[in-house]
Structures are given as structure tokens and as C-alpha cells.
$ cat target-v7.cif   # mmCIF, C-alpha atoms and all ligand atoms
data_upload
#
loop_
_atom_site.group_PDB
_atom_site.id
_atom_site.type_symbol
_atom_site.label_atom_id
_atom_site.label_comp_id
_atom_site.auth_asym_id
_atom_site.auth_seq_id
_atom_site.Cartn_x
_atom_site.Cartn_y
_atom_site.Cartn_z
ATOM 1 C CA MET A 1 0.712 6.973 33.310
ATOM 2 C CA SER A 2 3.374 9.162 31.788
ATOM 3 C CA ASN A 3 2.862 11.739 29.066
ATOM 4 C CA LEU A 4 3.754 10.044 25.819
ATOM 5 C CA PHE A 5 2.951 12.985 23.591
ATOM 6 C CA GLU A 6 2.560 16.686 24.284
ATOM 7 C CA ILE A 7 1.652 19.593 22.048
ATOM 8 C CA LYS A 8 1.986 23.049 23.576
ATOM 9 C CA GLY A 9 0.749 26.272 22.007
ATOM 10 C CA LEU A 10 1.388 25.034 18.472
ATOM 11 C CA LYS A 11 0.981 27.606 15.725
ATOM 12 C CA SER A 12 1.463 26.656 12.119
ATOM 13 C CA GLU A 13 0.938 28.356 8.801
ATOM 14 C CA ILE A 14 0.694 27.411 5.151
ATOM 15 C CA GLU A 15 1.610 29.896 2.457
ATOM 16 C CA GLY A 16 1.634 32.667 5.035
ATOM 17 C CA LYS A 17 -1.855 31.842 6.344
ATOM 18 C CA GLU A 18 -2.037 30.869 9.998
ATOM 19 C CA ILE A 19 -4.050 27.654 10.396
ATOM 20 C CA LEU A 20 -3.094 26.312 13.832
ATOM 21 C CA LYS A 21 -3.635 29.051 16.365
ATOM 22 C CA GLY A 22 -2.278 27.748 19.628
ATOM 23 C CA PHE A 23 -3.028 24.051 19.772
ATOM 24 C CA ASP A 24 -2.605 22.214 23.094
ATOM 25 C CA LEU A 25 -2.973 18.490 23.719
ATOM 26 C CA THR A 26 -1.461 15.967 26.114
ATOM 27 C CA ILE A 27 -1.734 12.233 25.469
ATOM 28 C CA LYS A 28 -0.702 9.723 28.088
ATOM 29 C CA ALA A 29 0.854 6.375 27.206
ATOM 30 C CA GLY A 30 -1.802 3.895 26.107
ATOM 31 C CA GLU A 31 -4.531 6.461 25.511
ATOM 32 C CA VAL A 32 -6.677 6.899 22.434
ATOM 33 C CA HIS A 33 -7.717 10.482 21.682
ATOM 34 C CA ALA A 34 -10.133 11.466 18.940
ATOM 35 C CA ILE A 35 -10.225 14.858 17.262
ATOM 36 C CA MET A 36 -13.403 15.815 15.470
ATOM 37 C CA GLY A 37 -14.199 19.026 13.691
ATOM 38 C CA PRO A 38 -15.724 20.578 10.599
ATOM 39 C CA ASN A 39 -13.877 20.680 7.294
ATOM 40 C CA GLY A 40 -11.097 23.200 7.019
ATOM 41 C CA THR A 41 -10.453 23.639 10.742
ATOM 42 C CA GLY A 42 -6.855 22.489 10.485
ATOM 43 C CA LYS A 43 -6.996 18.802 11.420
ATOM 44 C CA SER A 44 -4.771 17.639 8.555
ATOM 45 C CA THR A 45 -2.575 20.696 9.090
ATOM 46 C CA LEU A 46 -2.045 19.515 12.661
ATOM 47 C CA ALA A 47 -1.062 16.033 11.471
ATOM 48 C CA SER A 48 1.299 17.338 8.787
ATOM 49 C CA SER A 49 2.885 19.906 11.087
ATOM 50 C CA ILE A 50 3.639 17.194 13.659
ATOM 51 C CA MET A 51 5.247 15.040 10.965
ATOM 52 C CA GLY A 52 7.307 17.943 9.621
ATOM 53 C CA HIS A 53 5.751 18.289 6.178
ATOM 54 C CA PRO A 54 7.797 21.032 4.468
ATOM 55 C CA LYS A 55 4.705 22.932 3.265
ATOM 56 C CA TYR A 56 3.755 23.832 6.808
ATOM 57 C CA GLU A 57 5.729 26.300 8.830
ATOM 58 C CA VAL A 58 5.550 25.948 12.581
ATOM 59 C CA THR A 59 5.905 29.466 13.953
ATOM 60 C CA GLU A 60 5.354 28.848 17.663
ATOM 61 C CA GLY A 61 4.922 26.111 20.225
ATOM 62 C CA GLN A 62 6.422 22.778 21.167
ATOM 63 C CA VAL A 63 5.848 19.087 20.472
ATOM 64 C CA PHE A 64 7.310 16.315 22.627
ATOM 65 C CA LEU A 65 7.378 12.562 22.132
ATOM 66 C CA ASN A 66 8.432 10.845 25.346
ATOM 67 C CA GLY A 67 10.014 14.150 26.375
ATOM 68 C CA GLU A 68 12.021 14.474 23.162
ATOM 69 C CA ASP A 69 11.674 17.682 21.172
ATOM 70 C CA VAL A 70 9.997 16.631 17.917
ATOM 71 C CA LEU A 71 10.281 20.006 16.184
ATOM 72 C CA GLU A 72 14.061 19.778 16.445
ATOM 73 C CA MET A 73 14.024 16.523 14.455
ATOM 74 C CA GLY A 74 14.135 16.104 10.692
ATOM 75 C CA VAL A 75 11.270 14.346 8.928
ATOM 76 C CA ASP A 76 13.031 10.957 8.855
ATOM 77 C CA GLU A 77 14.080 11.282 12.483
ATOM 78 C CA ARG A 78 10.466 11.801 13.510
ATOM 79 C CA ALA A 79 9.462 8.516 11.923
ATOM 80 C CA LEU A 80 12.453 6.775 13.474
ATOM 81 C CA ALA A 81 11.512 8.200 16.869
ATOM 82 C CA GLY A 82 8.143 6.439 16.569
ATOM 83 C CA LEU A 83 5.734 8.936 15.019
ATOM 84 C CA PHE A 84 3.443 7.561 12.345
ATOM 85 C CA LEU A 85 0.796 9.255 10.223
ATOM 86 C CA ALA A 86 -1.791 7.376 8.202
ATOM 87 C CA MET A 87 -2.548 10.076 5.677
ATOM 88 C CA GLN A 88 -5.949 11.302 4.579
ATOM 89 C CA TYR A 89 -4.716 11.172 0.974
ATOM 90 C CA PRO A 90 -1.820 8.682 0.757
ATOM 91 C CA SER A 91 0.535 9.398 -2.128
ATOM 92 C CA GLU A 92 1.276 7.000 -4.973
ATOM 93 C CA ILE A 93 4.919 6.140 -5.604
ATOM 94 C CA THR A 94 5.664 4.506 -8.927
ATOM 95 C CA GLY A 95 8.692 2.238 -9.105
ATOM 96 C CA VAL A 96 8.734 1.318 -5.424
ATOM 97 C CA THR A 97 6.834 -1.790 -4.445
ATOM 98 C CA ASN A 98 4.869 -1.974 -1.264
ATOM 99 C CA ALA A 99 7.221 -4.675 0.048
ATOM 100 C CA ASP A 100 10.393 -2.713 -0.788
ATOM 101 C CA PHE A 101 9.009 0.415 0.803
ATOM 102 C CA LEU A 102 8.030 -1.350 4.007
ATOM 103 C CA ARG A 103 11.218 -3.361 4.320
ATOM 104 C CA SER A 104 13.377 -0.247 4.036
ATOM 105 C CA ALA A 105 11.193 1.566 6.556
ATOM 106 C CA ILE A 106 11.459 -1.338 9.014
ATOM 107 C CA ASN A 107 15.210 -1.622 8.506
ATOM 108 C CA ALA A 108 15.678 2.103 9.017
ATOM 109 C CA ARG A 109 13.945 1.688 12.395
ATOM 110 C CA ARG A 110 16.034 -1.375 13.307
ATOM 111 C CA GLY A 111 19.351 0.188 12.352
ATOM 112 C CA GLU A 112 22.421 -1.041 10.510
ATOM 113 C CA GLY A 113 23.548 -4.560 11.310
ATOM 114 C CA ASN A 114 20.120 -5.432 12.719
ATOM 115 C CA GLU A 115 18.149 -5.706 9.475
ATOM 116 C CA ILE A 116 15.174 -8.046 9.329
ATOM 117 C CA SER A 117 15.751 -11.180 7.255
ATOM 118 C CA LEU A 118 13.827 -11.362 4.004
ATOM 119 C CA ILE A 119 12.026 -14.535 5.040
ATOM 120 C CA LYS A 120 10.971 -13.114 8.374
ATOM 121 C CA PHE A 121 9.822 -9.897 6.749
ATOM 122 C CA VAL A 122 7.753 -11.683 4.099
ATOM 123 C CA ARG A 123 6.174 -13.889 6.737
ATOM 124 C CA GLN A 124 5.254 -10.860 8.869
ATOM 125 C CA MET A 125 3.922 -8.885 5.944
ATOM 126 C CA GLU A 126 1.851 -11.818 4.702
ATOM 127 C CA GLY A 127 0.435 -12.385 8.170
ATOM 128 C CA LYS A 128 -0.629 -8.774 8.609
ATOM 129 C CA MET A 129 -2.056 -8.598 5.093
ATOM 130 C CA LYS A 130 -4.151 -11.634 5.915
ATOM 131 C CA GLU A 131 -5.462 -9.934 9.062
ATOM 132 C CA LEU A 132 -6.446 -6.941 6.944
ATOM 133 C CA GLU A 133 -7.964 -9.213 4.300
ATOM 134 C CA MET A 134 -5.701 -7.752 1.626
ATOM 135 C CA ASN A 135 -4.992 -9.579 -1.598
ATOM 136 C CA PRO A 136 -1.379 -10.951 -1.479
ATOM 137 C CA GLU A 137 -0.683 -9.311 -4.841
ATOM 138 C CA PHE A 138 -0.576 -5.926 -3.056
ATOM 139 C CA MET A 139 2.821 -6.905 -1.700
ATOM 140 C CA HIS A 140 4.424 -6.421 -5.103
ATOM 141 C CA ARG A 141 2.310 -3.600 -6.450
ATOM 142 C CA TYR A 142 3.835 -0.132 -6.622
ATOM 143 C CA LEU A 143 3.051 1.842 -3.487
ATOM 144 C CA ASN A 144 -0.575 2.960 -3.616
ATOM 145 C CA GLU A 145 -0.507 3.157 -7.412
ATOM 146 C CA GLY A 146 -3.978 2.476 -8.731
ATOM 147 C CA PHE A 147 -5.171 1.434 -5.272
ATOM 148 C CA SER A 148 -8.792 2.332 -4.560
ATOM 149 C CA GLY A 149 -9.472 4.726 -1.683
ATOM 150 C CA GLY A 150 -10.269 1.818 0.630
ATOM 151 C CA GLU A 151 -7.192 -0.171 -0.439
ATOM 152 C CA LYS A 152 -4.968 2.836 0.300
ATOM 153 C CA LYS A 153 -6.448 3.094 3.778
ATOM 154 C CA ARG A 154 -5.870 -0.588 4.484
ATOM 155 C CA ASN A 155 -2.342 -0.186 3.224
ATOM 156 C CA GLU A 156 -1.741 2.669 5.667
ATOM 157 C CA ILE A 157 -2.882 0.393 8.495
ATOM 158 C CA LEU A 158 -0.612 -2.366 7.180
ATOM 159 C CA GLN A 159 2.343 0.032 7.426
ATOM 160 C CA MET A 160 1.310 0.974 10.956
ATOM 161 C CA MET A 161 1.094 -2.675 12.014
ATOM 162 C CA LEU A 162 4.543 -3.498 10.651
ATOM 163 C CA LEU A 163 6.307 -0.341 11.840
ATOM 164 C CA GLU A 164 4.933 -0.548 15.395
ATOM 165 C CA PRO A 165 5.073 3.209 16.076
ATOM 166 C CA LYS A 166 4.730 4.816 19.506
ATOM 167 C CA LEU A 167 2.298 7.523 18.465
ATOM 168 C CA VAL A 168 -0.135 6.751 15.676
ATOM 169 C CA ILE A 169 -2.036 9.541 13.961
ATOM 170 C CA LEU A 170 -4.912 8.397 11.775
ATOM 171 C CA ASP A 171 -6.215 11.180 9.535
ATOM 172 C CA GLU A 172 -9.740 10.297 8.373
ATOM 173 C CA ILE A 173 -8.869 6.636 8.050
ATOM 174 C CA ASP A 174 -12.604 5.950 7.785
ATOM 175 C CA SER A 175 -13.185 8.033 4.679
ATOM 176 C CA GLY A 176 -13.776 5.910 1.599
ATOM 177 C CA LEU A 177 -14.280 2.724 3.614
ATOM 178 C CA ASP A 178 -17.439 0.643 3.446
ATOM 179 C CA ILE A 179 -18.672 -0.819 6.710
ATOM 180 C CA ASP A 180 -16.901 -4.188 6.297
ATOM 181 C CA ALA A 181 -13.568 -2.516 5.493
ATOM 182 C CA LEU A 182 -14.089 -0.131 8.403
ATOM 183 C CA LYS A 183 -14.495 -3.067 10.791
ATOM 184 C CA ILE A 184 -11.333 -4.734 9.457
ATOM 185 C CA VAL A 185 -9.322 -1.512 9.757
ATOM 186 C CA ALA A 186 -10.671 -0.892 13.266
ATOM 187 C CA ALA A 187 -9.774 -4.434 14.304
ATOM 188 C CA GLY A 188 -6.240 -3.823 13.001
ATOM 189 C CA VAL A 189 -5.992 -0.651 15.068
ATOM 190 C CA ASN A 190 -7.448 -2.272 18.166
ATOM 191 C CA ALA A 191 -4.970 -5.139 17.886
ATOM 192 C CA MET A 192 -2.181 -2.553 18.094
ATOM 193 C CA ARG A 193 -3.482 -0.849 21.235
ATOM 194 C CA SER A 194 -1.085 -1.279 24.131
ATOM 195 C CA GLU A 195 0.047 0.475 27.273
ATOM 196 C CA GLU A 196 3.087 1.853 25.460
ATOM 197 C CA ARG A 197 1.363 3.089 22.319
ATOM 198 C CA SER A 198 -1.007 6.039 21.909
ATOM 199 C CA PHE A 199 -3.380 7.045 19.149
ATOM 200 C CA LEU A 200 -4.639 10.349 17.800
ATOM 201 C CA ILE A 201 -7.653 9.636 15.633
ATOM 202 C CA ILE A 202 -8.869 12.409 13.386
ATOM 203 C CA THR A 203 -12.362 11.783 12.108
ATOM 204 C CA HIS A 204 -15.388 13.501 10.756
ATOM 205 C CA TYR A 205 -17.845 10.895 11.872
ATOM 206 C CA GLN A 206 -18.711 9.288 15.145
ATOM 207 C CA ARG A 207 -19.188 5.965 13.348
ATOM 208 C CA LEU A 208 -15.484 5.066 13.511
ATOM 209 C CA LEU A 209 -15.533 5.611 17.269
ATOM 210 C CA ASN A 210 -18.101 2.830 17.635
ATOM 211 C CA TYR A 211 -15.327 0.471 16.598
ATOM 212 C CA ILE A 212 -12.274 2.191 18.082
ATOM 213 C CA LYS A 213 -13.278 3.378 21.545
ATOM 214 C CA PRO A 214 -11.531 6.633 22.441
ATOM 215 C CA ASP A 215 -10.604 7.624 26.001
ATOM 216 C CA HIS A 216 -10.950 11.321 25.165
ATOM 217 C CA VAL A 217 -12.745 13.243 22.438
ATOM 218 C CA HIS A 218 -11.816 16.776 21.384
ATOM 219 C CA VAL A 219 -13.544 19.195 19.079
ATOM 220 C CA MET A 220 -11.300 21.324 16.900
ATOM 221 C CA MET A 221 -12.415 24.601 15.380
ATOM 222 C CA GLN A 222 -10.479 27.477 13.920
ATOM 223 C CA GLY A 223 -7.126 25.923 14.612
ATOM 224 C CA ARG A 224 -7.479 24.907 18.217
ATOM 225 C CA ILE A 225 -9.338 22.587 20.582
ATOM 226 C CA VAL A 226 -12.559 24.205 21.717
ATOM 227 C CA ARG A 227 -14.232 21.359 23.637
ATOM 228 C CA SER A 228 -12.996 18.157 25.282
ATOM 229 C CA GLY A 229 -14.892 15.280 26.804
ATOM 230 C CA GLY A 230 -15.449 11.544 26.653
ATOM 231 C CA PRO A 231 -17.142 9.402 24.000
ATOM 232 C CA GLU A 232 -20.474 11.077 24.828
ATOM 233 C CA LEU A 233 -19.179 14.258 23.187
ATOM 234 C CA ALA A 234 -18.795 12.401 19.881
ATOM 235 C CA GLU A 235 -22.329 11.064 20.201
ATOM 236 C CA ARG A 236 -23.697 14.559 20.769
ATOM 237 C CA LEU A 237 -21.850 15.827 17.684
ATOM 238 C CA GLU A 238 -23.314 13.008 15.624
ATOM 239 C CA ALA A 239 -26.814 13.824 16.844
ATOM 240 C CA GLU A 240 -26.643 17.624 16.820
ATOM 241 C CA GLY A 241 -23.775 18.617 14.561
ATOM 242 C CA TYR A 242 -21.391 21.445 15.401
ATOM 243 C CA GLU A 243 -23.870 24.326 15.481
ATOM 244 C CA TRP A 244 -24.351 24.333 19.255
ATOM 245 C CA ILE A 245 -20.628 24.698 19.824
ATOM 246 C CA LYS A 246 -20.402 27.492 17.272
ATOM 247 C CA GLU A 247 -23.276 29.244 18.994
ATOM 248 C CA GLU A 248 -21.667 28.847 22.407
ATOM 249 C CA LEU A 249 -18.428 30.222 21.034
ATOM 250 C CA GLY A 250 -20.055 32.943 18.950
ATOM 251 C CA ILE A 251 -18.497 31.603 15.728
ATOM 252 C CA VAL A 252 -20.281 32.785 12.603
ATOM 253 C CA ASP A 253 -18.435 30.566 10.123
ATOM 254 C CA GLU A 254 -16.283 27.525 10.835
ATOM 255 C CA THR A 255 -13.747 28.429 8.168
ATOM 256 C CA VAL A 256 -10.345 29.167 9.609
ATOM 257 C CA GLY A 257 -9.068 32.685 9.259
ATOM 258 C CA GLN A 258 -12.453 34.313 9.393
ATOM 259 C CA ALA A 259 -12.717 34.730 13.144
HETATM 260 N N1 LIG B 1 -1.749 23.790 0.227
HETATM 261 C C1 LIG B 1 -2.546 24.691 0.786
HETATM 262 N N2 LIG B 1 -2.513 25.981 0.402
HETATM 263 C C2 LIG B 1 -3.308 26.910 0.963
HETATM 264 N N3 LIG B 1 -4.195 26.644 1.942
HETATM 265 C C3 LIG B 1 -4.279 25.393 2.358
HETATM 266 C C4 LIG B 1 -3.467 24.338 1.820
HETATM 267 N N4 LIG B 1 -3.766 23.188 2.469
HETATM 268 C C5 LIG B 1 -4.732 23.500 3.352
HETATM 269 N N5 LIG B 1 -5.037 24.812 3.289
HETATM 270 C C6 LIG B 1 -6.075 25.504 4.071
HETATM 271 O O1 LIG B 1 -5.836 25.269 5.433
HETATM 272 C C7 LIG B 1 -7.071 25.137 6.130
HETATM 273 C C8 LIG B 1 -7.051 23.867 6.953
HETATM 274 O O2 LIG B 1 -7.020 22.749 6.090
HETATM 275 P P1 LIG B 1 -6.923 21.276 6.665
HETATM 276 O O3 LIG B 1 -5.861 21.238 7.699
HETATM 277 O O4 LIG B 1 -6.794 20.352 5.513
HETATM 278 O O5 LIG B 1 -8.350 21.117 7.376
HETATM 279 P P2 LIG B 1 -9.157 19.814 7.811
HETATM 280 O O6 LIG B 1 -8.217 18.651 7.740
HETATM 281 O O7 LIG B 1 -9.629 20.118 9.202
HETATM 282 O O8 LIG B 1 -10.312 19.680 6.881
HETATM 283 C C9 LIG B 1 -8.167 25.209 5.086
HETATM 284 O O9 LIG B 1 -8.718 26.510 5.096
HETATM 285 C C10 LIG B 1 -7.444 24.927 3.802
HETATM 286 O O10 LIG B 1 -8.060 25.563 2.721
HETATM 287 MG MG MG B 2 -8.243 16.867 6.693
#
$ encode --input "target-v7.cif" --output "C-alpha cells" --more "lines below"
Ligand SMILES: Nc1ncnc2c1ncn2[C@@H]1O[C@H](COP(=O)(O)OP(=O)(O)O)[C@@H](O)[C@H]1O
Ligand SMILES: [Mg+2]
Amino acid sequence: MSNLFEIKGLKSEIEGKEILKGFDLTIKAGEVHAIMGPNGTGKSTLASSIMGHPKYEVTEGQVFLNGEDVLEMGVDERALAGLFLAMQYPSEITGVTNADFLRSAINARRGEGNEISLIKFVRQMEGKMKELEMNPEFMHRYLNEGFSGGEKKRNEILQMMLLEPKLVILDEIDSGLDIDALKIVAAGVNAMRSEERSFLIITHYQRLLNYIKPDHVHVMMQGRIVRSGGPELAERLEAEGYEWIKEELGIVDETVGQA
């Protein structure tokens, strides 16, 4: 299996405060990796830095998608290259309907002259919404506006299913979901697993990993990966929390910047 995604020595700061402190990770094509870690360790910072969010300044390191230098790309180019982030807190965009937003995103991927027909698009969107048990009215609602937490999360998965990215980052997709919604979202993710697509699943809780089985589990603390293992690592975290790792590492407080 080839390396689909590589992060090497990534350092990133926000408002002059270094959050990522040399982050390394290699994901092979088809693999599912989970990142777990206490609040404030930089998980969302990692996701946003990969996507090129302007608030985060990458000061060192490299990111490659299928060997292509991601940090050299603009934000739009990263999405076009096949990076996708389901955000922890998806933003609301008034005036743009869900359908309009998705159709332009799909057409941007397909390129000029190769746009998807309206009928085909509607059929696809309806089909995926059905799989996610979403009310058809969400097609014409403004993007995320007034959506509940759970509806936003389903909508992120809907985008992922229609955009067919190469590397999918899910940032706490399980937060705000009840168990039935969690199962639906997990089924949507599992349906998208393939030998050419990889996933980076950021989660607080092991529960999600009962439904989306990861190949590798990493623990992130203070801006870098401090432990890696298989699914059994997630189970140990669920049972024992993070204290044992902190003790092994001699960390007094998990908050970044206090080491
Ligand atoms: N806009 C911001 N301004 C200043 N500090 C921030 C901002 N966003 C995040 N941080 C800080 O960066 C650190 C990492 O945050 P985050 O990446 O969201 O952690 P996690 O997702 O692991 O909970 C935290 O200490 C947080 O307070
Ligand atoms: Mg976060």
C-alpha cells in the first residue's frame, strides 16, 4: 500500500502561540486512523492547519497528499486535490442553499465543461440524504442555518459522500449525536471506505470507534502524537482515561503550552 497522506514535523501556531509542536503521521491508502486526546491538545488545530485555515500559521514541516505538497496549495486547491474536513463546528451560511453549495463544490471538482447535470445531481443528493435519513427539505435550506448540532453533523457527512474526497478528516463528528444518529453517520462513513480513500478520525470517545473500526489509534497530547497502537489503545483510554499516559510522560497538565 502506498502512502496516501504524510505529515512530517508539522508546527503550527495561532495568534503567536505554538499549538502543533512537531506532528508526524503517515496514512496509507485505504487506512482509517483515529486520533484521540484531551481537550485543548491541538486536534482541531491539526485539522484546520491541514486545510489551510488562515487563522493558523504553519511555521515548520510538510504535508503530502499522494506525494503532492499540500502546504503549497491554496485553500480551494486543497479541496480540489481531495482533502475534506467535516468540521467540529460547521459554519452557517445564509443565502446559500445546501443544494447550491454542494453542486458548486462538485462542479469545481469536475472542472469546466464536465459539470454534473441538474437531474443527476438532484438524484444523487436525494439518494444520499435518504441513506442518512435526512428530511428532503434540508436540500433547500440555507447551509447549516438553524440546523441542530446533529443535523449539521449529518450534513457534513452528506457533503463527504457527494464530494468523494481522497482523505477525509472527521473532527468530533460524534459530538452532539444520539446513538441512532451516530449509527447512521457511521454507516455513511463505512460505505465510503475503499482502498483508495483514507480517513483521519478525531474523537474524544471510544464509542465512535465501535462503529467505525480504525486500523491505527494515536493519542495526541501537547501538540504531537505521544502513543500509537491498535483499537485496544482506544479501549484502554475509555477504561482508564489519559492519566496513565500523562504519568508515563511526566506531564503535569494536558493544556498545550504549559510543558
Ligand atoms: N482562535 C484562537 N485563539 C487563541 N487560541 C486558540 C484559538 N483556537 C484555539 N486556541 C487554543 O489552541 C489550543 C488547541 O485548541 P484545539 O486545536 O481546538 O484543541 P482540541 O481540538 O484538541 O480540543 C487550545 O489551547 C486553544 O485554547
Ligand atoms: Mg477540537
$ axis_aligned_box --input "target-v7.cif" --around "ligand LIG 1 (chain B)" --padding-each-side "3 Å" --output "AutoDock Vina command-line options"
--center_x -6.0 --center_y 22.8 --center_z 4.7 --size_x 14.6 --size_y 14.3 --size_z 15.0
$ resolve_selection --input "target-v7.cif" --expression "the PyMOL selection byres (((chain A and resi 128) around 10) and not hetatm)" --output "CSV table (one decimal) with C-alpha atoms, keeping the file's coordinate frame"
chain,number,residue,atom,x,y,z
A,122,VAL,CA,7.8,-11.7,4.1
A,123,ARG,CA,6.2,-13.9,6.7
A,124,GLN,CA,5.3,-10.9,8.9
A,125,MET,CA,3.9,-8.9,5.9
A,126,GLU,CA,1.9,-11.8,4.7
A,127,GLY,CA,0.4,-12.4,8.2
A,129,MET,CA,-2.1,-8.6,5.1
A,130,LYS,CA,-4.2,-11.6,5.9
A,131,GLU,CA,-5.5,-9.9,9.1
A,132,LEU,CA,-6.4,-6.9,6.9
A,133,GLU,CA,-8.0,-9.2,4.3
A,134,MET,CA,-5.7,-7.8,1.6
A,157,ILE,CA,-2.9,0.4,8.5
A,158,LEU,CA,-0.6,-2.4,7.2
A,159,GLN,CA,2.3,0.0,7.4
A,161,MET,CA,1.1,-2.7,12.0
A,162,LEU,CA,4.5,-3.5,10.7
A,188,GLY,CA,-6.2,-3.8,13.0
$ closest_atom_pairs --input "target-v7.cif" --of "chain A" --to "ligand LIG 1 (chain B)" --cutoff "6 Å" --atoms "all atoms listed in the file" --output "Markdown table"
| residue | atom | partner | partner_atom | distance |
| --- | --- | --- | --- | --- |
| A:Ile14 | CA | B:LIG1 | C2 | 5.8 |
| A:Glu15 | CA | B:LIG1 | C2 | 5.9 |
| A:Ile19 | CA | B:LIG1 | O1 | 5.8 |
| A:Asn39 | CA | B:LIG1 | O8 | 3.7 |
| A:Gly40 | CA | B:LIG1 | O5 | 3.5 |
| A:Thr41 | CA | B:LIG1 | O7 | 3.9 |
| A:Gly42 | CA | B:LIG1 | O3 | 3.2 |
| A:Lys43 | CA | B:LIG1 | O7 | 3.7 |
| A:Ser44 | CA | B:LIG1 | O6 | 3.7 |
| A:Thr45 | CA | B:LIG1 | O3 | 3.6 |
| A:Val256 | CA | B:LIG1 | O9 | 5.5 |
$ residues_near_ligand --input "target-v7.cif" --ligand "ligand MG 2 (chain B)" --cutoff "12 Å" --atoms "only C-alpha atoms and all ligand atoms" --output "VMD selection string"
chain A and resid 35 to 48 86 to 90 170 to 175 201 to 204 220
$ resolve_selection --input "target-v7.cif" --expression "the PyMOL selection byres (((chain A and resi 150) around 8) and not hetatm)" --output "ChimeraX atom specification"
/A:147-149,151-154,175-178,181
$ closest_residue --input "target-v7.cif" --among "A:Gly74, A:Val226, A:Gly111, A:Asn210" --to "Glu248 of chain A" --atoms "only C-alpha atoms"
A:Val226
$ resolve_selection --input "target-v7.cif" --expression "the PyMOL selection byres (((chain A and resi 238-242) around 12) and not hetatm)" --output "short mmCIF file (atom, residue, chain, number, x, y, z; two decimals) with C-alpha atoms, in the coordinates of the input"
data_model
loop_
_atom_site.label_atom_id
_atom_site.label_comp_id
_atom_site.auth_asym_id
_atom_site.auth_seq_id
_atom_site.Cartn_x
_atom_site.Cartn_y
_atom_site.Cartn_z
CA MET A 36 -13.40 15.82 15.47
CA GLY A 37 -14.20 19.03 13.69
CA PRO A 38 -15.72 20.58 10.60
CA ASN A 39 -13.88 20.68 7.29
CA THR A 203 -12.36 11.78 12.11
CA HIS A 204 -15.39 13.50 10.76
CA TYR A 205 -17.84 10.90 11.87
CA GLN A 206 -18.71 9.29 15.14
CA ARG A 207 -19.19 5.96 13.35
CA LEU A 208 -15.48 5.07 13.51
CA LEU A 209 -15.53 5.61 17.27
CA ASN A 210 -18.10 2.83 17.64
CA VAL A 219 -13.54 19.20 19.08
CA MET A 220 -11.30 21.32 16.90
CA MET A 221 -12.42 24.60 15.38
CA VAL A 226 -12.56 24.20 21.72
CA ARG A 227 -14.23 21.36 23.64
CA PRO A 231 -17.14 9.40 24.00
CA GLU A 232 -20.47 11.08 24.83
CA LEU A 233 -19.18 14.26 23.19
CA ALA A 234 -18.80 12.40 19.88
CA GLU A 235 -22.33 11.06 20.20
CA ARG A 236 -23.70 14.56 20.77
CA LEU A 237 -21.85 15.83 17.68
CA GLU A 243 -23.87 24.33 15.48
CA TRP A 244 -24.35 24.33 19.26
CA ILE A 245 -20.63 24.70 19.82
CA LYS A 246 -20.40 27.49 17.27
CA GLU A 247 -23.28 29.24 18.99
CA GLU A 248 -21.67 28.85 22.41
CA LEU A 249 -18.43 30.22 21.03
CA ILE A 251 -18.50 31.60 15.73
CA VAL A 252 -20.28 32.78 12.60
CA ASP A 253 -18.43 30.57 10.12
CA GLU A 254 -16.28 27.52 10.84
#
$ closest_residue --input "target-v7.cif" --among "A:Tyr211, A:Leu85, A:Phe138, A:Ile93" --to "Glu156 of chain A" --atoms "only C-alpha atoms"
A:Leu85
$ residues_around --input "target-v7.cif" --residues "Arg103 of chain A" --least-positions-apart "3" --cutoff "8 Å" --atoms "all atoms listed in the file" --output "list in words"
Ala99, Asp100, Ile106, Asn107, Ile116 and Phe121 of chain A
$ atom_distance --input "target-v7.cif" --atom1 "atom CA of Ala187 of chain A" --atom2 "atom CA of Ile212 of chain A"
8.0 Å
$ residues_around --input "target-v7.cif" --residues "Ala34 of chain A" --least-positions-apart "5" --cutoff "7 Å" --atoms "all atoms listed in the file" --output "PyMOL selection string"
chain A and resi 200-202+214+216-218
$ write_last_selection --input "target-v7.cif" --atoms "C-alpha atoms" --output "mmCIF file, keeping the file's coordinate frame"
data_model
loop_
_atom_site.group_PDB
_atom_site.id
_atom_site.type_symbol
_atom_site.label_atom_id
_atom_site.label_comp_id
_atom_site.auth_asym_id
_atom_site.auth_seq_id
_atom_site.Cartn_x
_atom_site.Cartn_y
_atom_site.Cartn_z
ATOM 1 C CA LEU A 200 -4.639 10.349 17.800
ATOM 2 C CA ILE A 201 -7.653 9.636 15.633
ATOM 3 C CA ILE A 202 -8.869 12.409 13.386
ATOM 4 C CA PRO A 214 -11.531 6.633 22.441
ATOM 5 C CA HIS A 216 -10.950 11.321 25.165
ATOM 6 C CA VAL A 217 -12.745 13.243 22.438
ATOM 7 C CA HIS A 218 -11.816 16.776 21.384
#
$ atom_distance --input "target-v7.cif" --atom1 "atom CA of Leu102 of chain A" --atom2 "atom CA of Ile7 of chain A"
28.4 Å
$ atom_distance --input "target-v7.cif" --atom1 "atom CA of Met51 of chain A" --atom2 "atom CA of Val75 of chain A"
6.4 Å
